[in-house]
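Here is data.txt, consisting of compact mmCIF, C-alpha atoms:
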# COMPACT_ATOMS: atom_id res chain seq x y z
CA MET U 1 -134.14 25.05 -94.36
CA ALA U 2 -131.21 27.43 -93.78
CA ILE U 3 -127.72 26.11 -94.53
CA PHE U 4 -124.47 27.54 -93.18
CA LEU U 5 -120.89 26.38 -93.71
CA ARG U 6 -117.90 26.83 -91.40
CA TYR U 7 -114.51 26.56 -93.04
CA PHE U 8 -110.87 27.60 -92.73
CA ASP U 9 -109.39 30.20 -95.06
CA ARG U 10 -105.75 30.53 -96.10
CA LEU U 11 -105.06 33.13 -93.39
CA GLY U 12 -105.93 30.72 -90.59
CA ILE U 13 -109.25 32.41 -89.86
CA VAL U 14 -112.44 30.43 -89.43
CA LYS U 15 -115.35 31.65 -91.55
CA GLU U 16 -119.04 31.01 -91.19
CA ARG U 17 -121.03 31.70 -94.34
CA PHE U 18 -124.73 31.56 -95.12
CA ILE U 19 -125.26 29.40 -98.21
CA GLY U 20 -128.96 30.07 -98.51
CA VAL U 21 -132.43 28.85 -97.70
CA VAL U 22 -133.85 25.94 -99.64
CA HIS U 23 -137.44 24.84 -99.98
CA VAL U 24 -138.24 21.38 -98.63
CA LEU U 25 -141.41 19.38 -99.25
CA ASP U 26 -141.36 18.02 -95.70
CA THR U 27 -139.04 17.93 -92.68
CA SER U 28 -138.29 14.23 -92.65
CA SER U 29 -134.63 13.37 -92.19
CA LEU U 30 -134.42 11.64 -95.59
CA THR U 31 -135.80 14.68 -97.42
CA LEU U 32 -133.39 17.00 -95.64
CA LYS U 33 -130.47 14.72 -96.49
CA VAL U 34 -131.40 14.68 -100.19
CA VAL U 35 -131.65 18.48 -100.24
CA ILE U 36 -128.24 18.87 -98.55
CA ASP U 37 -126.68 16.45 -101.03
CA THR U 38 -128.13 18.52 -103.87
CA VAL U 39 -126.75 21.75 -102.42
CA PHE U 40 -123.33 20.16 -102.01
CA SER U 41 -123.36 18.85 -105.56
CA ASN U 42 -124.39 22.22 -107.02
CA ASN U 43 -121.51 23.93 -105.19
CA ASN U 44 -118.85 21.28 -105.98
CA LEU U 45 -118.59 20.27 -102.31
CA SER U 46 -117.91 16.78 -100.97
CA MET U 47 -119.68 15.26 -97.99
CA ALA U 48 -116.52 13.22 -97.37
CA GLU U 49 -114.69 16.40 -96.34
CA VAL U 50 -117.22 17.37 -93.67
CA ARG U 51 -115.85 17.20 -90.11
CA GLY U 52 -118.82 18.38 -88.10
CA GLN U 53 -122.57 18.95 -88.18
CA GLY U 54 -124.75 20.93 -85.82
CA TYR U 55 -128.53 21.26 -85.36
CA ASP U 56 -131.03 21.56 -82.55
CA GLY U 57 -132.30 18.51 -80.71
CA ALA U 58 -135.38 17.74 -82.84
CA SER U 59 -135.82 14.00 -83.41
CA ASN U 60 -135.69 14.31 -87.20
CA MET U 61 -132.26 15.93 -86.78
CA SER U 62 -130.66 14.13 -83.84
CA GLY U 63 -132.35 10.71 -83.97
CA ALA U 64 -129.90 7.92 -83.18
CA PHE U 65 -131.10 5.66 -86.01
CA ASN U 66 -133.05 7.63 -88.62
CA GLY U 67 -132.15 11.24 -87.81
CA LEU U 68 -130.33 13.51 -90.26
CA LYS U 69 -127.12 13.31 -88.22
CA SER U 70 -127.23 9.49 -88.39
CA LEU U 71 -127.74 9.49 -92.17
CA ILE U 72 -124.70 11.73 -92.59
CA LEU U 73 -122.62 9.71 -90.09
CA ASN U 74 -123.42 6.54 -92.03
CA GLU U 75 -121.83 8.18 -95.05
CA ASN U 76 -119.01 9.94 -93.18
CA SER U 77 -118.20 8.74 -89.66
CA TYR U 78 -115.96 11.78 -89.01
CA ALA U 79 -118.77 14.33 -89.42
CA HIS U 80 -119.32 14.42 -85.65
CA TYR U 81 -122.66 15.79 -84.48
CA ILE U 82 -122.83 18.50 -81.83
CA HIS U 83 -126.18 19.51 -80.42
CA CYS U 84 -126.08 23.30 -80.03
CA PHE U 85 -124.47 23.87 -76.62
CA ALA U 86 -126.43 27.04 -75.95
CA HIS U 87 -129.67 25.18 -76.61
CA GLN U 88 -128.53 22.28 -74.44
CA LEU U 89 -127.72 24.57 -71.53
CA GLN U 90 -131.15 26.15 -71.78
CA LEU U 91 -132.83 22.74 -71.82
CA VAL U 92 -130.90 21.74 -68.68
CA VAL U 93 -132.19 24.81 -66.86
CA VAL U 94 -135.76 24.21 -68.02
CA ALA U 95 -135.68 20.48 -67.17
CA VAL U 96 -134.40 21.08 -63.64
CA ALA U 97 -136.92 23.88 -63.12
CA LYS U 98 -139.74 21.49 -63.96
CA LYS U 99 -138.44 18.65 -61.79
CA HIS U 100 -138.03 20.59 -58.53
CA ASP U 101 -141.34 21.57 -56.96
CA ASP U 102 -140.16 24.81 -55.34
CA VAL U 103 -138.41 26.05 -58.48
CA GLU U 104 -141.33 25.06 -60.71
CA GLU U 105 -143.76 26.95 -58.48
CA PHE U 106 -141.51 30.01 -58.53
CA PHE U 107 -141.39 30.17 -62.34
CA GLU U 108 -145.14 29.50 -62.58
CA GLN U 109 -145.78 32.51 -60.37
CA LEU U 110 -143.26 34.52 -62.37
CA ALA U 111 -145.02 33.64 -65.64
CA LEU U 112 -148.37 34.58 -64.11
CA VAL U 113 -147.08 38.02 -63.08
CA VAL U 114 -145.71 38.68 -66.57
CA THR U 115 -149.01 37.59 -68.14
CA VAL U 116 -151.09 39.82 -65.88
CA ILE U 117 -148.87 42.85 -66.57
CA CYS U 118 -148.14 42.35 -70.27
CA GLY U 119 -151.60 41.11 -71.26
CA PHE U 120 -152.99 44.65 -71.53
CA CYS U 121 -151.53 47.72 -73.20
CA LYS U 122 -152.88 49.99 -70.45
CA ARG U 123 -150.95 48.11 -67.77
CA LYS U 124 -147.72 48.23 -69.79
CA ASP U 125 -148.19 51.96 -70.27
CA MET U 126 -148.67 52.35 -66.51
CA ILE U 127 -145.41 50.48 -65.90
CA GLN U 128 -143.47 52.74 -68.25
CA LYS U 129 -145.01 55.95 -66.89
CA MET U 130 -144.25 55.05 -63.28
CA LYS U 131 -140.73 53.95 -64.23
CA LYS U 132 -140.03 57.31 -65.91
CA GLU U 133 -141.35 59.18 -62.88
CA ARG U 134 -139.21 57.12 -60.51
CA VAL U 135 -136.05 57.61 -62.57
CA ALA U 136 -136.70 61.35 -62.85
CA ALA U 137 -137.14 61.61 -59.07
CA GLU U 138 -133.96 59.59 -58.41
CA ILE U 139 -131.99 61.83 -60.79
CA CYS U 140 -133.24 64.92 -58.95
CA ILE U 141 -132.01 63.66 -55.58
CA GLY U 142 -128.76 62.31 -56.99
CA GLU U 143 -129.47 58.58 -56.58
CA THR U 144 -129.28 57.90 -60.33
CA GLU U 145 -126.72 59.20 -62.79
CA PRO U 146 -128.07 60.77 -66.00
CA GLY U 147 -126.27 60.36 -69.30
CA ARG U 148 -126.45 59.13 -72.85
CA GLY U 149 -127.33 55.45 -73.03
CA LEU U 150 -128.33 55.31 -69.36
CA ASN U 151 -131.78 54.73 -67.88
CA GLN U 152 -133.23 53.18 -71.02
CA GLU U 153 -136.80 51.93 -71.14
CA ILE U 154 -137.13 48.33 -70.00
CA PHE U 155 -140.00 45.88 -70.20
CA LEU U 156 -140.95 42.61 -68.57
CA VAL U 157 -139.51 39.76 -70.61
CA ARG U 158 -141.42 36.54 -71.17
CA ALA U 159 -139.47 33.36 -70.52
CA GLY U 160 -139.26 30.77 -73.29
CA ASP U 161 -138.09 27.18 -72.94
CA THR U 162 -136.01 27.35 -76.14
CA ARG U 163 -134.74 30.93 -75.85
CA CYS U 164 -131.30 30.88 -74.27
CA GLY U 165 -131.03 32.95 -71.10
CA SER U 166 -134.66 34.08 -71.26
CA HIS U 167 -135.48 32.90 -67.72
CA PHE U 168 -132.60 34.93 -66.33
CA ARG U 169 -133.65 38.00 -68.33
CA THR U 170 -137.20 37.63 -67.02
CA ILE U 171 -135.97 37.66 -63.42
CA VAL U 172 -133.68 40.65 -64.04
CA SER U 173 -136.46 42.64 -65.70
CA LEU U 174 -138.83 41.91 -62.80
CA VAL U 175 -136.22 42.98 -60.23
CA ASN U 176 -135.65 46.26 -62.10
CA LEU U 177 -139.38 46.97 -62.31
CA LEU U 178 -140.44 45.45 -58.99
CA ALA U 179 -141.88 48.65 -57.48
CA GLU U 180 -143.93 49.40 -60.60
CA VAL U 181 -145.14 45.81 -60.93
CA VAL U 182 -146.36 45.75 -57.33
CA ALA U 183 -148.19 49.03 -57.90
CA VAL U 184 -149.93 47.74 -61.03
CA LEU U 185 -150.91 44.50 -59.31
CA LYS U 186 -152.49 46.52 -56.49
CA TYR U 187 -154.36 48.59 -59.09
CA VAL U 188 -155.69 45.46 -60.80
CA LYS U 189 -156.73 43.99 -57.47
CA ASP U 190 -158.49 47.09 -56.17
CA ASP U 191 -159.98 48.48 -59.37
CA GLY U 192 -160.34 45.37 -61.53
CA SER U 193 -163.45 45.62 -63.68
CA THR U 194 -164.26 41.93 -63.39
CA LEU U 195 -163.92 39.24 -60.78
CA SER U 196 -161.39 37.38 -62.90
CA ASN U 197 -159.17 40.49 -63.10
CA HIS U 198 -159.41 40.87 -59.34
CA ASN U 199 -158.48 37.22 -58.76
CA GLN U 200 -155.58 37.45 -61.21
CA ALA U 201 -153.80 39.99 -59.03
CA ASN U 202 -154.21 37.97 -55.80
CA GLU U 203 -151.39 35.71 -54.73
CA TYR U 204 -152.24 33.09 -52.20
CA TYR U 205 -149.61 31.79 -49.79
CA VAL U 206 -149.85 28.15 -48.78
CA THR U 207 -148.13 27.43 -45.49
CA PRO U 208 -145.77 24.43 -45.49
CA ARG U 209 -146.25 21.46 -43.24
CA LYS U 210 -145.53 22.28 -39.66
CA ARG U 211 -142.41 20.52 -38.53
CA ARG U 212 -139.98 20.95 -35.72
CA THR U 213 -136.50 21.89 -36.91
CA ASN U 214 -133.58 24.03 -35.82
CA LYS U 215 -132.74 25.07 -39.40
CA THR U 216 -133.35 28.63 -40.53
CA ASN U 217 -135.10 29.69 -43.73
CA GLN U 218 -131.76 30.95 -45.02
CA HIS U 219 -130.21 27.51 -44.49
CA HIS U 220 -133.21 25.86 -46.15
CA PHE U 221 -132.96 27.92 -49.34
CA GLU U 222 -129.21 28.48 -49.60
CA VAL U 223 -128.08 24.98 -48.61
CA VAL U 224 -130.84 22.40 -48.89
CA ILE U 225 -132.56 23.63 -52.06
CA PHE U 226 -129.40 24.99 -53.71
CA ASN U 227 -127.39 21.78 -53.26
CA THR U 228 -130.32 19.65 -54.42
CA ILE U 229 -130.74 21.68 -57.59
CA LEU U 230 -126.99 21.61 -58.21
CA ASP U 231 -127.00 17.80 -58.05
CA MET U 232 -129.98 17.68 -60.40
CA GLN U 233 -128.21 19.96 -62.89
CA ILE U 234 -125.07 17.83 -62.88
CA GLN U 235 -127.14 14.72 -63.58
CA GLU U 236 -129.05 16.52 -66.33
CA PHE U 237 -125.77 17.59 -67.93
CA ARG U 238 -124.63 13.95 -67.99
CA ASP U 239 -127.88 12.83 -69.58
CA ARG U 240 -128.04 15.49 -72.29
CA PHE U 241 -124.45 15.97 -73.45
CA SER U 242 -123.17 13.10 -75.57
CA GLU U 243 -119.93 11.33 -74.71
CA VAL U 244 -118.38 12.11 -78.09
CA GLY U 245 -119.25 15.80 -77.87
CA THR U 246 -117.92 16.05 -74.33
CA ASP U 247 -114.68 14.29 -75.26
CA LEU U 248 -114.19 16.63 -78.22
CA MET U 249 -114.63 19.73 -76.08
CA GLU U 250 -112.39 18.46 -73.25
CA ASN U 251 -109.58 17.53 -75.64
CA MET U 252 -109.80 20.72 -77.66
CA VAL U 253 -109.13 22.80 -74.56
CA ALA U 254 -105.53 21.52 -74.66
CA LEU U 255 -104.93 23.79 -77.69
CA SER U 256 -105.71 26.96 -75.77
CA PRO U 257 -102.83 29.48 -75.56
CA CYS U 258 -104.25 31.30 -72.54
CA ASP U 259 -102.11 31.71 -69.40
CA SER U 260 -98.90 30.77 -71.22
CA PHE U 261 -100.32 27.53 -72.67
CA SER U 262 -101.19 26.26 -69.20
CA SER U 263 -103.89 23.96 -70.66
CA PHE U 264 -101.49 22.19 -73.01
CA ASP U 265 -101.84 18.43 -72.58
CA LYS U 266 -100.18 16.08 -75.05
CA ALA U 267 -102.32 13.12 -73.97
CA LYS U 268 -105.56 15.00 -74.76
CA LEU U 269 -104.29 16.12 -78.14
CA LEU U 270 -103.35 12.53 -78.99
CA LYS U 271 -106.90 11.47 -78.07
CA LEU U 272 -108.25 14.24 -80.28
CA SER U 273 -106.17 13.05 -83.24
CA LYS U 274 -107.49 9.50 -82.76
CA ILE U 275 -111.08 10.76 -82.95
CA TYR U 276 -110.21 12.03 -86.45
CA LYS U 277 -108.15 8.99 -87.44
CA LYS U 278 -108.78 9.54 -91.15
CA ASP U 279 -106.96 12.88 -91.00
CA PHE U 280 -103.96 11.62 -89.01
CA GLY U 281 -103.70 7.90 -89.73
CA ASP U 282 -101.17 6.21 -87.42
CA SER U 283 -99.22 9.42 -86.78
CA LYS U 284 -97.67 9.56 -83.30
CA MET U 285 -97.82 13.39 -83.35
CA ALA U 286 -94.13 13.58 -82.40
CA GLN U 287 -94.08 17.29 -83.26
CA LEU U 288 -96.34 18.19 -80.31
CA ASN U 289 -93.50 18.72 -77.81
CA ILE U 290 -91.45 20.74 -80.30
CA TYR U 291 -94.51 22.85 -81.11
CA TYR U 292 -95.18 23.53 -77.43
CA HIS U 293 -91.64 24.65 -76.56
CA SER U 294 -91.33 26.65 -79.77
CA LEU U 295 -94.35 28.81 -78.93
CA LEU U 296 -93.93 28.93 -75.15
CA HIS U 297 -90.88 31.22 -75.29
CA ASP U 298 -91.87 33.22 -78.38
CA GLU U 299 -92.99 36.74 -77.39
CA ARG U 300 -95.27 36.94 -80.40
CA PHE U 301 -97.49 34.29 -78.85
CA PHE U 302 -97.83 35.95 -75.45
CA ASN U 303 -101.21 37.21 -74.19
CA LEU U 304 -103.36 35.51 -76.83
CA LYS U 305 -107.07 35.34 -76.02
CA GLY U 306 -108.02 32.05 -77.59
CA ILE U 307 -107.55 29.29 -80.15
CA ALA U 308 -108.78 31.47 -83.03
CA ASP U 309 -106.10 34.11 -82.32
CA LEU U 310 -103.42 31.44 -82.08
CA SER U 311 -104.44 29.87 -85.38
CA ARG U 312 -104.30 33.22 -87.19
CA LEU U 313 -100.87 34.00 -85.71
CA LEU U 314 -99.50 30.59 -86.72
CA VAL U 315 -100.21 31.46 -90.34
CA GLU U 316 -98.84 35.01 -90.03
CA THR U 317 -95.53 33.69 -88.64
CA GLY U 318 -95.36 30.72 -91.01
CA LYS U 319 -95.23 28.21 -88.15
CA HIS U 320 -98.23 26.37 -89.57
CA LEU U 321 -95.83 25.03 -92.21
CA SER U 322 -93.46 23.73 -89.51
CA PHE U 323 -96.22 21.96 -87.60
CA PRO U 324 -98.75 20.81 -90.22
CA LEU U 325 -100.34 18.11 -88.06
CA VAL U 326 -100.88 20.46 -85.13
CA TYR U 327 -102.30 23.05 -87.49
CA ARG U 328 -104.73 20.44 -88.77
CA LEU U 329 -105.94 20.00 -85.19
CA PHE U 330 -106.68 23.71 -85.12
CA LYS U 331 -108.71 23.42 -88.30
CA LEU U 332 -110.77 20.53 -86.95
CA THR U 333 -111.32 22.35 -83.67
CA LEU U 334 -112.45 25.66 -85.11
CA VAL U 335 -114.76 24.33 -87.82
CA LEU U 336 -116.73 22.24 -85.30
CA LEU U 337 -119.99 24.07 -84.67
CA VAL U 338 -120.93 24.30 -80.99
CA ALA U 339 -123.76 26.85 -81.24
CA THR U 340 -126.40 27.66 -83.85
CA ALA U 341 -127.02 31.27 -82.87
CA THR U 342 -126.18 32.46 -86.39
CA PHE U 343 -128.89 30.22 -87.83
CA GLU U 344 -131.48 31.68 -85.49
CA TRP U 345 -130.39 35.19 -86.43
CA CYS U 346 -130.88 34.31 -90.10
CA PHE U 347 -134.53 33.48 -89.47
CA SER U 348 -134.89 36.78 -87.63
CA VAL U 349 -133.59 38.58 -90.72
CA MET U 350 -136.17 36.71 -92.77
CA LYS U 351 -138.94 38.34 -90.72
CA PHE U 352 -137.74 41.77 -91.89
CA LEU U 353 -137.51 40.74 -95.54
CA LYS U 354 -140.74 38.78 -95.84
CA THR U 355 -143.21 41.42 -94.62
CA ASP U 356 -146.94 41.78 -95.26
CA LEU U 357 -146.13 43.92 -98.31
CA ARG U 358 -143.97 41.14 -99.73
CA ASN U 359 -145.88 38.08 -98.57
CA ILE U 360 -145.81 36.53 -102.05
CA ILE U 361 -142.05 36.90 -102.49
CA GLY U 362 -140.66 33.96 -104.46
CA ASP U 363 -138.24 31.43 -102.98
CA ASP U 364 -135.36 32.35 -105.28
CA PHE U 365 -135.62 36.08 -104.72
CA MET U 366 -136.05 35.66 -100.95
CA ASN U 367 -132.96 33.45 -100.88
CA ASP U 368 -130.91 36.03 -102.84
CA ALA U 369 -132.13 38.85 -100.61
CA LEU U 370 -131.32 36.89 -97.46
CA ILE U 371 -127.80 36.13 -98.65
CA CYS U 372 -127.20 39.81 -99.35
CA SER U 373 -128.64 40.87 -96.01
CA VAL U 374 -126.84 38.25 -93.90
CA GLU U 375 -123.53 38.36 -95.81
CA ASN U 376 -123.46 42.12 -96.48
CA GLU U 377 -119.86 42.28 -95.25
CA ALA U 378 -118.74 40.32 -98.30
CA LEU U 379 -120.60 42.72 -100.60
CA GLU U 380 -119.31 46.03 -99.25
CA ASN U 381 -117.08 46.63 -102.28
CA VAL U 382 -119.75 45.83 -104.86
CA LYS U 383 -121.11 48.94 -106.62
CA THR U 384 -124.33 49.53 -108.48
CA GLU U 385 -124.23 50.94 -111.99
CA ASN U 386 -124.81 54.42 -110.51
CA GLU U 387 -121.72 54.08 -108.28
CA TYR U 388 -123.77 53.95 -105.08
CA PRO U 389 -122.57 51.55 -102.38
CA PHE U 390 -124.31 48.22 -102.59
CA THR U 391 -125.19 48.39 -98.91
CA LEU U 392 -127.39 51.44 -99.69
CA THR U 393 -129.33 49.35 -102.18
CA LEU U 394 -129.77 46.69 -99.48
CA ALA U 395 -131.08 49.30 -97.08
CA LEU U 396 -133.59 50.46 -99.69
CA LEU U 397 -134.56 46.86 -100.33
CA GLN U 398 -135.50 46.37 -96.69
CA PHE U 399 -137.99 49.20 -97.08
CA GLY U 400 -139.38 47.68 -100.27
CA ILE U 401 -138.08 50.44 -102.60
CA ALA U 402 -135.33 48.98 -104.77
CA SER U 403 -136.21 45.31 -105.09
CA ASP U 404 -136.18 45.36 -108.92
CA VAL U 405 -132.78 47.04 -109.02
CA LEU U 406 -131.29 44.49 -106.63
CA GLN U 407 -132.75 41.58 -108.53
CA LEU U 408 -131.01 42.74 -111.68
CA GLN U 409 -127.71 43.03 -109.84
CA LEU U 410 -128.02 39.48 -108.58
How does this structure look as structure tokens?
Amino acid sequence: MAIFLRYFDRLGIVKERFIGVVHVLDTSSLTLKVVIDTVFSNNNLSMAEVRGQGYDGASNMSGAFNGLKSLILNENSYAHYIHCFAHQLQLVVVAVAKKHDDVEEFFEQLALVVTVICGFCKRKDMIQKMKKERVAAEICIGETEPGRGLNQEIFLVRAGDTRCGSHFRTIVSLVNLLAEVVAVLKYVKDDGSTLSNHNQANEYYVTPRKRRTNKTNQHHFEVVIFNTILDMQIQEFRDRFSEVGTDLMENMVALSPCDSFSSFDKAKLLKLSKIYKKDFGDSKMAQLNIYYHSLLHDERFFNLKGIADLSRLLVETGKHLSFPLVYRLFKLTLVLLVATATFEWCFSVMKFLKTDLRNIIGDDFMNDALICSVENEALENVKTENEYPFTLTLALLQFGIASDVLQLQL
């Protein structure tokens, strides 16, 4: 299990730090809770100070009665749970795609095309060769601009139900390689060595029921299907996003400094403070109006891009001392985790560290190596005994050269 912490530093900047990976005997919610308590205890942290928790939607994590989030909420009711918004959005897209017959059929055909093309190295090589030839021809006639970083190799991307944006990337990759894909499908159909290969490349069109109507195909797809799917998505959003999470996000928007604090709403900020009653008690937040007018006409707070920039500037100008309760709202807003992309990236890093050559790497050493690889920014100023930058040692570690040296440094 990988554990990250989000916290506020003294400069008003939110930090997200990788604590480490810990070995668990099983993935039951109770086991995970015990492990987290142990990690907190070993690092002199208190669960009572936690103001947010974020995981994916697995039942052992998000279960309403026995999930990890429920066990933590029973101990600290202000540690509000947010299911990763990026994951939620992806699940909405996937759910709607499976509920609408036309959309489901489209993605089934799309997956079949990707499988036929990407299932054999020879077919992928054909795609790349034809793509290079097409780009070269377009450059010669002036239809495509050459240059560094342009016209890179692209491949068909497989869609995954839990990979955010993967369905969109699959469609984009197919559009960019459409001519080459059609050519390869024709090759498989005409020269397929077996009957199954030949049948794979055939696409059969089933005519719809004959019906009399004055509506055009364009109206059918752009109005009828589009509006239906839109309604289904809205309903799916309501079913998947919790009321508490939605209220938190809607109220937090009122802190945004964009467009000259146009989103400022005292009523929403009061609601936000009531959600965290332990931090504000019975405070009426009387300083909200003074805070708003103080920043509205201050040139230093013009053209800010978001809440994080505003929080940092409050500390730089010392205004966080004048408005401590408002500043506490900023802390609660920024430490709340709304996406777990960093966690997923951590597991990707693990794939580079735990290779076939190091498949018996111990838990402790793998944890230390992961921390150094993920949090290398914090170790930039650390030197080895030979005065070489520590990041060089990390680079050597990834190639399996300096593991003993690094272990001594840790």
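Minimum atom-to-atom distances from U:Asp298, U:Ile154, U:Cys118, U:Leu91 to Val175 in chain U were compared using all atoms listed in the file, and the lowest value belongs to U:Ile154.
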For this session: Provide the CA of Glu236 in chain U to CA of Val93 in chain U distance in Å, to one decimal place.
Result: 8.9 Å
For this session: Would you kindly return, as an MDAnalysis selection string, each protein, DNA or RNA residue with an atom no farther than 10 Å from any atom of Asp259 in chain U, considering all atoms listed in the file and excluding same-chain residues fewer than 5 positions away?
Result: chainID U and resid 302:305
Problem set entry | Neighbour list for Tyr276 in chain U as number ranges by chain, cut-off 12 Å, all atoms listed in the file, skip fewer than 2 positions in-chain | U: 49-52, 76-80, 244, 248, 269-274, 278-283, 325, 328-329, 331-333
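Closest approach to Lys351 in chain U from the set U:Leu337, U:Leu370, U:Val157, U:Leu321 is made by U:Leu370, with distances taken over all atoms listed in the file.
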Exercise. Could you work out how far CA of Phe365 in chain U lies from CA of Leu5 in chain U, giving the answer in Å with one decimal?
Worked result: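 About the pair CA of Leu5 in chain U and CA of Phe365 in chain U: they are 20.8 Å apart.
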